[in-house]
Every structure is written in structure tokens, then in C-alpha cells.
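**Q** Structure file model32.cif, mmCIF, C-alpha atoms and all ligand atoms, is pasted below:
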data_structure
loop_
_atom_site.label_atom_id
_atom_site.label_comp_id
_atom_site.auth_asym_id
_atom_site.auth_seq_id
_atom_site.Cartn_x
_atom_site.Cartn_y
_atom_site.Cartn_z
CA MET A 1 -52.21 -105.03 93.56
CA GLN A 2 -53.60 -107.83 95.74
CA GLY A 3 -51.77 -111.04 94.87
CA ASP A 4 -48.89 -109.15 93.25
CA ASP A 5 -45.66 -110.85 94.32
CA ARG A 6 -43.50 -107.76 93.90
CA TRP A 7 -42.18 -105.90 96.94
CA VAL A 8 -41.79 -102.26 97.78
CA LEU A 9 -38.46 -100.92 98.88
CA ALA A 10 -39.44 -98.41 101.56
CA VAL A 11 -37.02 -95.72 102.74
CA ASP A 12 -37.72 -93.19 105.50
CA VAL A 13 -35.47 -90.22 106.24
CA GLY A 14 -35.98 -88.69 109.67
CA CYS A 15 -33.76 -86.39 111.70
CA GLN A 16 -33.28 -89.10 114.33
CA ARG A 17 -33.43 -92.29 112.29
CA LEU A 18 -32.88 -93.53 108.76
CA SER A 19 -34.94 -96.65 108.02
CA ALA A 20 -35.31 -98.98 105.06
CA GLY A 21 -37.31 -102.14 104.54
CA LEU A 22 -39.13 -104.42 102.14
CA VAL A 23 -42.91 -104.28 102.32
CA SER A 24 -45.54 -106.32 100.45
CA ALA A 25 -48.48 -104.77 98.63
CA THR A 26 -50.61 -105.74 101.63
CA GLY A 27 -48.33 -104.08 104.20
CA GLN A 28 -46.34 -107.10 105.36
CA MET A 29 -42.77 -106.14 106.26
CA VAL A 30 -40.07 -108.78 105.71
CA VAL A 31 -36.78 -106.95 105.98
CA ARG A 32 -36.25 -103.89 108.14
CA ASP A 33 -33.11 -102.05 109.17
CA ARG A 34 -32.30 -98.66 110.59
CA VAL A 35 -29.44 -96.45 111.75
CA THR A 36 -29.18 -93.27 113.79
CA THR A 37 -29.16 -90.26 111.47
CA PRO A 38 -25.66 -88.78 111.43
CA THR A 39 -25.27 -85.01 111.62
CA ARG A 40 -23.14 -84.97 108.47
CA HIS A 41 -22.79 -87.42 105.57
CA VAL A 42 -26.46 -88.42 105.76
CA TRP A 43 -26.51 -89.64 102.16
CA SER A 44 -23.53 -91.97 102.68
CA ALA A 45 -25.28 -93.54 105.67
CA LEU A 46 -28.55 -93.86 103.75
CA GLU A 47 -26.85 -95.38 100.72
CA LEU A 48 -25.18 -98.05 102.88
CA LEU A 49 -28.46 -98.82 104.65
CA VAL A 50 -30.42 -99.22 101.41
CA ARG A 51 -27.74 -101.45 99.90
CA ARG A 52 -27.80 -103.60 103.06
CA VAL A 53 -31.57 -104.03 102.97
CA VAL A 54 -31.57 -104.91 99.26
CA ALA A 55 -28.75 -107.44 99.85
CA ALA A 56 -30.54 -108.98 102.85
CA ARG A 57 -33.64 -110.04 100.91
CA SER A 58 -34.19 -113.74 100.35
CA ALA A 59 -34.92 -115.42 97.02
CA GLU A 60 -38.58 -115.44 98.00
CA HIS A 61 -38.62 -111.65 98.17
CA ASP A 62 -36.29 -110.82 95.33
CA ARG A 63 -38.76 -109.01 93.07
CA ILE A 64 -38.70 -105.33 94.02
CA GLY A 65 -41.32 -103.54 91.93
CA TRP A 66 -41.51 -100.12 93.54
CA CYS A 67 -39.59 -97.75 95.73
CA GLY A 68 -41.13 -95.19 98.06
CA VAL A 69 -39.14 -92.64 100.06
CA THR A 70 -40.43 -90.30 102.74
CA CYS A 71 -38.49 -87.40 104.23
CA GLU A 72 -39.07 -84.68 106.76
CA GLY A 73 -40.32 -81.59 104.93
CA PRO A 74 -40.26 -79.30 103.29
CA ILE A 75 -39.82 -81.12 100.02
CA GLU A 76 -39.81 -79.61 96.55
CA GLN A 77 -41.97 -81.22 93.94
CA PRO A 78 -41.93 -81.94 91.06
CA ALA A 79 -38.11 -81.63 91.33
CA GLY A 80 -37.89 -84.36 93.99
CA LYS A 81 -35.64 -82.29 96.24
CA VAL A 82 -35.73 -82.09 100.03
CA SER A 83 -34.75 -79.38 102.53
CA PRO A 84 -35.72 -80.87 105.90
CA LEU A 85 -35.83 -78.23 108.64
CA SER A 86 -34.02 -80.38 111.21
CA MET A 87 -31.33 -81.73 108.87
CA PRO A 88 -28.88 -79.09 107.64
CA ALA A 89 -26.86 -81.70 105.71
CA LEU A 90 -29.72 -82.33 103.26
CA GLN A 91 -30.70 -78.82 102.18
CA GLY A 92 -31.72 -78.78 98.51
CA PHE A 93 -30.74 -82.45 98.21
CA GLU A 94 -32.02 -84.32 95.15
CA LEU A 95 -33.24 -87.26 97.20
CA ARG A 96 -35.66 -88.82 94.73
CA GLU A 97 -33.12 -88.84 91.90
CA ARG A 98 -30.33 -90.21 94.09
CA ILE A 99 -32.52 -93.03 95.43
CA SER A 100 -33.74 -93.81 91.90
CA GLU A 101 -30.13 -94.03 90.66
CA LEU A 102 -29.14 -96.20 93.61
CA THR A 103 -32.00 -98.67 93.24
CA ASP A 104 -32.60 -98.48 89.48
CA ILE A 105 -36.31 -97.93 90.22
CA ASP A 106 -38.26 -94.69 89.71
CA ALA A 107 -38.72 -93.72 93.34
CA VAL A 108 -41.78 -91.85 94.64
CA LEU A 109 -41.10 -89.08 97.17
CA GLU A 110 -43.54 -87.86 99.83
CA THR A 111 -43.25 -85.93 103.06
CA ARG A 112 -43.20 -88.15 106.16
CA GLY A 113 -46.50 -86.62 107.21
CA ASN A 114 -48.24 -87.50 103.97
CA GLY A 115 -46.74 -90.99 104.13
CA ARG A 116 -48.05 -91.49 107.67
CA ALA A 117 -51.49 -90.20 106.73
CA MET A 118 -51.68 -92.62 103.81
CA ALA A 119 -50.38 -95.51 105.94
CA GLU A 120 -53.09 -94.89 108.54
CA ARG A 121 -55.66 -94.67 105.74
CA TRP A 122 -54.55 -97.96 104.16
CA PHE A 123 -53.35 -100.06 107.05
CA GLY A 124 -54.60 -98.38 110.25
CA GLY A 125 -57.88 -100.32 110.40
CA HIS A 126 -59.95 -97.15 110.85
CA ASP A 127 -63.55 -96.85 109.75
CA PRO A 128 -63.22 -95.72 106.09
CA ASP A 129 -65.91 -93.05 106.61
CA ASP A 130 -63.58 -91.45 109.17
CA ALA A 131 -60.24 -92.18 107.51
CA ASP A 132 -61.35 -90.69 104.17
CA HIS A 133 -61.57 -87.28 105.89
CA MET A 134 -58.65 -87.28 108.27
CA ILE A 135 -55.83 -85.17 109.71
CA VAL A 136 -52.69 -86.91 110.99
CA VAL A 137 -50.13 -85.09 113.16
CA ILE A 138 -46.91 -86.82 114.24
CA ALA A 139 -45.09 -84.85 116.93
CA SER A 140 -41.60 -86.15 117.62
CA GLU A 141 -38.28 -84.35 117.30
CA SER A 142 -39.67 -82.94 114.06
CA VAL A 143 -43.38 -82.40 113.52
CA ASP A 144 -45.02 -83.87 110.43
CA GLY A 145 -48.58 -83.91 109.27
CA GLY A 146 -50.79 -85.00 106.42
CA VAL A 147 -54.41 -84.57 105.45
CA ILE A 148 -56.72 -87.01 103.68
CA VAL A 149 -59.67 -85.42 101.84
CA ASP A 150 -62.22 -87.62 100.05
CA GLY A 151 -59.93 -90.62 100.56
CA GLN A 152 -56.94 -88.99 98.87
CA VAL A 153 -53.89 -87.39 100.43
CA VAL A 154 -53.59 -83.67 99.67
CA HIS A 155 -50.27 -82.76 98.00
CA GLY A 156 -50.46 -79.08 97.04
CA ARG A 157 -48.21 -77.19 94.66
CA THR A 158 -44.83 -78.37 96.05
CA GLY A 159 -45.90 -81.55 97.87
CA ASN A 160 -46.08 -79.96 101.32
CA ALA A 161 -49.83 -79.52 101.82
CA GLY A 162 -51.37 -80.92 104.98
CA ASN A 163 -48.48 -80.38 107.37
CA VAL A 164 -49.99 -78.47 110.28
CA ALA A 165 -46.56 -78.03 111.96
CA HIS A 166 -46.50 -74.38 110.93
CA VAL A 167 -50.11 -73.47 111.60
CA LEU A 168 -50.11 -70.42 113.88
CA VAL A 169 -51.25 -71.39 117.37
CA GLU A 170 -49.94 -68.42 119.37
CA LEU A 171 -50.08 -64.90 118.00
CA ASP A 172 -48.65 -62.98 120.98
CA ASP A 173 -44.99 -63.63 121.82
CA GLY A 174 -45.08 -67.05 120.17
CA LEU A 175 -42.06 -69.35 120.51
CA ALA A 176 -39.47 -69.16 117.73
CA CYS A 177 -39.78 -71.89 115.11
CA LEU A 178 -37.08 -73.56 112.99
CA CYS A 179 -38.89 -72.23 109.90
CA GLY A 180 -37.91 -68.68 110.85
CA GLY A 181 -41.36 -67.69 112.06
CA SER A 182 -42.81 -67.65 115.55
CA GLY A 183 -45.96 -68.99 117.15
CA CYS A 184 -46.10 -72.09 114.90
CA LEU A 185 -47.26 -75.43 116.34
CA MET A 186 -43.82 -77.04 115.97
CA PRO A 187 -41.93 -75.37 118.88
CA TYR A 188 -44.86 -76.16 121.21
CA VAL A 189 -45.00 -79.89 120.46
CA SER A 190 -41.61 -81.12 119.22
CA THR A 191 -39.73 -83.26 121.75
CA ARG A 192 -36.53 -81.35 121.08
CA ALA A 193 -38.11 -77.96 121.82
CA LEU A 194 -40.08 -79.21 124.83
CA GLU A 195 -37.17 -81.01 126.49
CA ALA A 196 -34.93 -77.98 125.96
CA GLU A 197 -37.60 -75.81 127.57
CA ILE A 198 -38.29 -78.00 130.63
CA ASN A 199 -34.74 -79.37 130.93
CA ARG A 200 -35.85 -82.92 131.68
CA PRO A 201 -37.30 -85.93 129.81
CA LEU A 202 -40.81 -85.48 128.50
CA ARG A 203 -42.34 -88.22 130.66
CA ARG A 204 -41.46 -86.03 133.68
CA ALA A 205 -43.01 -82.90 132.19
CA PRO A 206 -45.13 -80.81 134.58
CA ALA A 207 -48.90 -80.84 134.12
CA SER A 208 -48.78 -77.26 132.82
CA ILE A 209 -46.64 -78.35 129.85
CA ARG A 210 -48.95 -81.27 129.08
CA GLU A 211 -51.90 -78.87 129.17
CA ARG A 212 -50.21 -76.34 126.89
CA THR A 213 -49.07 -79.02 124.43
CA GLY A 214 -52.61 -80.37 124.22
CA VAL A 215 -54.12 -76.92 123.80
CA MET A 216 -51.74 -76.06 120.96
CA LEU A 217 -52.37 -79.36 119.17
CA GLY A 218 -56.12 -78.79 119.61
CA ARG A 219 -55.88 -75.30 118.11
CA ALA A 220 -53.98 -76.57 115.06
CA ILE A 221 -56.34 -79.51 114.59
CA ALA A 222 -59.46 -77.33 114.89
CA THR A 223 -58.00 -74.91 112.32
CA ALA A 224 -57.14 -77.70 109.89
CA ALA A 225 -60.43 -79.54 110.45
CA SER A 226 -62.48 -76.46 109.59
CA SER A 227 -60.39 -75.94 106.45
CA PHE A 228 -60.55 -79.56 105.28
CA ASP A 229 -63.98 -80.66 106.58
CA SER A 230 -62.37 -83.47 108.60
CA ARG A 231 -63.99 -86.16 110.69
CA LEU A 232 -60.99 -87.76 112.40
CA ALA A 233 -57.74 -86.33 113.78
CA LEU A 234 -54.97 -88.76 114.70
CA ILE A 235 -52.00 -87.75 116.82
CA GLY A 236 -48.83 -89.77 117.35
CA GLY A 237 -45.08 -89.63 117.84
CA ALA A 238 -42.73 -89.41 120.81
CA THR A 239 -44.43 -86.34 122.29
CA VAL A 240 -47.80 -88.08 122.39
CA ALA A 241 -46.26 -91.25 123.84
CA GLY A 242 -44.21 -89.27 126.38
CA LEU A 243 -47.08 -87.16 127.69
CA GLY A 244 -49.46 -90.11 127.98
CA PRO A 245 -53.22 -90.55 127.44
CA GLU A 246 -54.02 -87.38 129.39
CA LEU A 247 -52.56 -85.41 126.48
CA THR A 248 -55.08 -86.90 124.06
CA GLU A 249 -57.88 -85.89 126.43
CA VAL A 250 -56.65 -82.28 126.47
CA VAL A 251 -56.35 -82.26 122.66
CA ALA A 252 -59.89 -83.62 122.28
CA ARG A 253 -61.28 -81.09 124.75
CA GLU A 254 -59.54 -78.12 123.12
CA THR A 255 -60.48 -79.30 119.62
CA ALA A 256 -64.15 -79.56 120.65
CA GLN A 257 -64.04 -76.09 122.20
CA ARG A 258 -62.52 -74.55 119.08
CA ALA A 259 -64.36 -76.46 116.33
CA LYS A 260 -67.92 -75.18 116.74
CA LEU A 261 -69.31 -75.52 113.22
CA SER A 262 -72.23 -77.91 113.00
CA HIS A 263 -70.50 -80.22 110.48
CA LEU A 264 -67.51 -80.56 112.85
CA GLN A 265 -69.53 -81.81 115.79
CA ASP A 266 -68.61 -85.44 115.10
CA LEU A 267 -64.89 -84.65 114.67
CA ARG A 268 -63.01 -87.19 116.77
CA VAL A 269 -59.45 -87.10 118.16
CA ASP A 270 -57.57 -90.37 118.63
CA THR A 271 -54.03 -91.72 118.59
CA VAL A 272 -52.46 -93.30 115.51
CA ALA A 273 -53.03 -97.04 115.09
CA LEU A 274 -49.64 -97.89 113.58
CA GLY A 275 -46.62 -98.24 115.86
CA PRO A 276 -42.92 -98.26 115.01
CA GLU A 277 -43.67 -99.71 111.57
CA GLY A 278 -45.64 -96.55 110.65
CA PRO A 279 -42.83 -94.58 108.97
CA LEU A 280 -41.78 -97.41 106.64
CA LEU A 281 -45.38 -98.30 105.84
CA GLY A 282 -45.81 -94.62 104.95
CA ALA A 283 -42.92 -94.80 102.51
CA ALA A 284 -44.30 -98.05 101.05
CA VAL A 285 -47.83 -96.68 100.60
CA SER A 286 -46.42 -93.59 98.89
CA ALA A 287 -45.16 -95.84 96.10
CA LEU A 288 -48.15 -98.20 96.08
CA SER A 289 -50.74 -95.44 95.89
CA ARG A 290 -48.93 -93.92 92.92
CA ALA A 291 -48.78 -97.31 91.22
CA ARG A 292 -52.53 -97.72 91.69
CA ARG A 293 -53.39 -94.56 89.83
ZN ZN A 301 -42.73 -72.73 111.74
#
Could you render the structure as C-alpha cells?

**A**
Amino acid sequence: MQGDDRWVLAVDVGCQRLSAGLVSATGQMVVRDRVTTPTRHVWSALELLVRRVVAARSAEHDRIGWCGVTCEGPIEQPAGKVSPLSMPALQGFELRERISELTDIDAVLETRGNGRAMAERWFGGHDPDDADHMIVVIASESVDGGVIVDGQVVHGRTGNAGNVAHVLVELDDGLACLCGGSGCLMPYVSTRALEAEINRPLRRAPASIRERTGVMLGRAIATAASSFDSRLALIGGATVAGLGPELTEVVARETAQRAKLSHLQDLRVDTVALGPEGPLLGAAVSALSRARR
């Protein structure tokens, strides 16, 4: 792939933002555009955005070889459908097929969490010994996660493996979750749920909320780490940014208290390395990693 002059058309579908861009095989981004996700007519907005990005490329970047698309889960593989919890307009939507028709390229679909995990693995600059056995949790308005085991992202039967958003973190009177259950991680760490609960922006959250958010993330990470034999847990997203570095300290403390097995003693908690480019790099790596196989 190194030295290949073809570009990846990367498309990311989130409940707050739709993004599209052109990314090289080495992670260089040359064209990037985004729009706020509308409540209705999401596909029309996405179609316009993708057309605009394709039209904006220069002659130097005209060879598009792959297309990767990431979407908030759950997704349905191998059908290529999506039913994102926070986006009622896209329930059962055949996203992979529609993007493939639009671009004339066989698109690869992944959850946003799996995309982010792969992007951190490929482009995050982490020690490969850590990144080959890694959990990534992105807590923003939605909560996405992915798990890398032996250097490979875990997909599962329908493509949704590795998302810790619905790991049970509170068994007694747990908060209601968008999935229909209660006590999942998601309502404890999503910006939408937290800001509705405290009725103010996250950066002004009381210390008790920061503590609880960190404890719940730590519980989910310890559970996932013991299941997947992980060595590194990365957290990111608007919740992590909004609650500041103290949150990461709480997560690390709680994770260490919960993960007592001897092989988990070197499990480390850190923040994601990739910034705003993370979602599109995730979509790009989804396509590149498939092309490599
Ligand atoms: Zn849930």
C-alpha cells in the first residue's frame, strides 16, 4: 500500500456531524468537509456532502481507489445496513449499498468505534505491543467503542463486537439507555445524557459527576479488558475533553481497582492520540485494512 497513489474516500456518519474526506494510504488528508447532521433527510445531506468532496479533489488526487464508511452502531453485517441508536432517520438503512452506488466503488462499512480503534492502531503512534491488544472508547453524544485483539479489530457476527457502550455498569436502578435496557455505560457517559442530567455544559459539571463518569468508564474497561486480555485502554470524545484530565485519573484508578488478574496488572489507561481527524481516519482505515487482506 505504501507508495500507492490512489486515495481513500472516507465517510463518517455521526449523530452530530456528517464528514467526508480524501485520505492517502499513509493517513494524509487532503480534502475534508462536514455538515451538521440533520434530524431528517440524513441521506440527502450525506449524498450532497460526498459529491462535494469528490468534486473538490484536484488532478493530483483524482485516483480514488477505495471507499470506507463508518456509522454509529448498531450496524448489520453482512447486509451493510445501519440502525444507529441516536439517528431515527437511518433505521434499517442500506448505507453501504447506497454509498457504493453513489461512488461507484465497493464501500467497506464499519462501526465508528471499530474505525476509531483501527485508526489509533494504524496512525496513533502507540507502542505496537500495547496497540495490538487495545480497547478504545469514544464518549460523545453517542458512545462508540472498538477492541483490537492480536493486532486485528474484532468484528463479531453482525459487525458490532467491541462496543462497550452497552456493558452493564450499574445493576441497581441503572439509568435508562437508548437501547431499551438500563444500567448500560452509555447513559452514564454520553454528553447528551450527562448535560440533560446536570442541566449545564459538561465543563461545569460538579466533581461528583466527574467521579461517577470515571468510575463507570473504569468498570466497563475492566470488564472488557478481562474478556479481551487487553494491555491499553484509550478514551476520547467530547465527554473526556469536557471533564478534563482528572477524568482520566479516575478511570485509571477505577480500572486498576477492578482489574485484579495478574495478566492485567500492566493494563494502562490513556486518552486517544488522534484529534478531530480521528473519525475520518477511522473510515479510511476501514477500507485500507480490508484492501490489505
Ligand atoms: Zn444500552

**Q** Please compute the CA of Gly124 in chain A-CA of Gly27 in chain A distance, one decimal, in Å.

**A**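 Interatomic distance here is 10.4 Å.
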
**Q** Quick one: everything within 10 Å of Val108 in chain A, counting only C-alpha atoms, minus sequence neighbours fewer than 5 positions away in the same chain. Send it as a ChimeraX atom specification.

**A** /A:10,66-70,80,96-97,99-100,283-291

**Q** CA of Asn114 in chain A and CA of Gln265 in chain A are how many Å apart?

**A**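 Those two atoms sit 25.0 Å apart.
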
**Q** Determine the nearest neighbour of Cys184 in chain A from the options A:Leu46, A:Val164, A:Leu261, A:Leu22, counting all atoms listed in the file.

**A**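 Among the listed residues, the smallest separation from Cys184 in chain A belongs to A:Val164.
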
**Q** Show me which residues line ligand ZN 301 (chain A), defined as having an atom within 12 Å of a ligand atom where only C-alpha atoms and all ligand atoms count, and present them as a PyMOL selection string.

**A** chain A and resi 73-74+85-86+142-144+163-170+174-190

**Q** With a distance cut-off of 9 Å and all atoms listed in the file, select the neighbouring residues of Arg219 in chain A, excluding the residue or stretch itself and same-chain residues fewer than 2 positions from it, and output the selection as a list in words.

**A** Val167, Leu168, Val169, Leu185, Gly214, Val215, Met216, Leu217, Ile221, Ala222, Thr223, Ala224, Val251, Glu254, Thr255, Arg258 and Ala259 of chain A

**Q** Give me, as JSON lines, each residue of range 114-145 of chain A that comes within 10 Å of range 234-245 of chain A, together with its shortest interatomic pair and the distance in Å at one decimal, counting all atoms listed in the file, with rows ordered by chain and rising residue number.

**A**
{"residue": "A:Arg116", "atom": "CA", "partner": "A:Gly236", "partner_atom": "CA", "distance": 9.9}
{"residue": "A:Ala117", "atom": "CA", "partner": "A:Leu234", "partner_atom": "CA", "distance": 8.8}
{"residue": "A:Glu120", "atom": "CA", "partner": "A:Leu234", "partner_atom": "CA", "distance": 8.9}
{"residue": "A:Ala131", "atom": "CA", "partner": "A:Leu234", "partner_atom": "CA", "distance": 9.5}
{"residue": "A:Met134", "atom": "CA", "partner": "A:Leu234", "partner_atom": "CA", "distance": 7.6}
{"residue": "A:Ile135", "atom": "CA", "partner": "A:Leu234", "partner_atom": "CA", "distance": 6.2}
{"residue": "A:Val136", "atom": "CA", "partner": "A:Leu234", "partner_atom": "CA", "distance": 4.7}
{"residue": "A:Val137", "atom": "CA", "partner": "A:Ile235", "partner_atom": "CA", "distance": 4.9}
{"residue": "A:Ile138", "atom": "CA", "partner": "A:Gly236", "partner_atom": "CA", "distance": 4.7}
{"residue": "A:Ala139", "atom": "CA", "partner": "A:Gly237", "partner_atom": "CA", "distance": 4.9}
{"residue": "A:Ser140", "atom": "CA", "partner": "A:Ala238", "partner_atom": "CA", "distance": 4.7}
{"residue": "A:Glu141", "atom": "CA", "partner": "A:Ala238", "partner_atom": "CA", "distance": 7.6}
{"residue": "A:Ser142", "atom": "CA", "partner": "A:Gly237", "partner_atom": "CA", "distance": 9.4}
{"residue": "A:Val143", "atom": "CA", "partner": "A:Gly237", "partner_atom": "CA", "distance": 8.6}
{"residue": "A:Asp144", "atom": "CA", "partner": "A:Gly237", "partner_atom": "CA", "distance": 9.4}
{"residue": "A:Gly145", "atom": "CA", "partner": "A:Ile235", "partner_atom": "CA", "distance": 9.1}

**Q** Can you tell me, as a PyMOL selection string, what residues are no more than 7 Å from Thr111 in chain A when counting all atoms listed in the file, ignoring any on the same chain fewer than 4 positions away?

**A** chain A and resi 70-73+75+115+160

**Q** Please identify every residue of range 1-75 of chain A that has at least one atom no farther than 8 Å from an atom of range 270-280 of chain A, counting all atoms listed in the file, and for each give the shortest atom pair and the distance in Å to one decimal, arranged by chain then increasing number, as a tab-separated table.

**A**
residue	atom	partner	partner_atom	distance
A:Ala10	CA	A:Leu280	CA	5.7
A:Val11	CA	A:Leu280	CA	6.4
A:Asp12	CA	A:Leu280	CA	6.0
A:Ser19	CA	A:Leu280	CA	7.0
A:Ala20	CA	A:Leu280	CA	6.8
A:Gly21	CA	A:Leu280	CA	6.8
A:Thr70	CA	A:Pro279	CA	7.9

**Q** For each of A:Asp229, A:Glu246, A:Asp172, A:Glu211, take the minimum atom-to-atom distance to Asp130 in chain A, counting only C-alpha atoms, then give the residue where this is smallest.

**A**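 Selected residue with least distance to Asp130 in chain A: A:Asp229.
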
**Q** Considering only C-alpha atoms, state which residue in the set A:Glu47, A:Asp266, A:Glu110, A:Asp33 is at the smallest distance from Thr158 in chain A.

**A**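 Nearest candidate to Thr158 in chain A out of A:Glu47, A:Asp266, A:Glu110, A:Asp33: A:Glu110.
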
**Q** If you measure from CA of Arg157 in chain A to CA of Gln77 in chain A, what distance in Å do you get, rounded to one decimal?

**A**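 Straight-line distance from CA of Arg157 in chain A to CA of Gln77 in chain A works out to 7.5 Å.
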
**Q** Give the answer as one residue: which of A:Val31, A:Ala161, A:Val50, A:Val42 has the shortest atom-to-atom distance to Phe93 in chain A, using only C-alpha atoms?

**A**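 With only C-alpha atoms as the atom set, the closest residue is A:Val42.
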
**Q** Nearest to Phe123 in chain A: which of A:Gln91, A:Gln16, A:Thr26, A:Ser58 is it, counting only C-alpha atoms?

**A**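 Selected residue with least distance to Phe123 in chain A: A:Thr26.
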
**Q** Given only C-alpha atoms as the basis, pick out the residue of A:Gly113, A:Gly282, A:Gly218, A:Pro201 nearest to Val154 in chain A.

**A**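 Residue with the minimum atom-to-atom distance to Val154 in chain A: A:Gly113.
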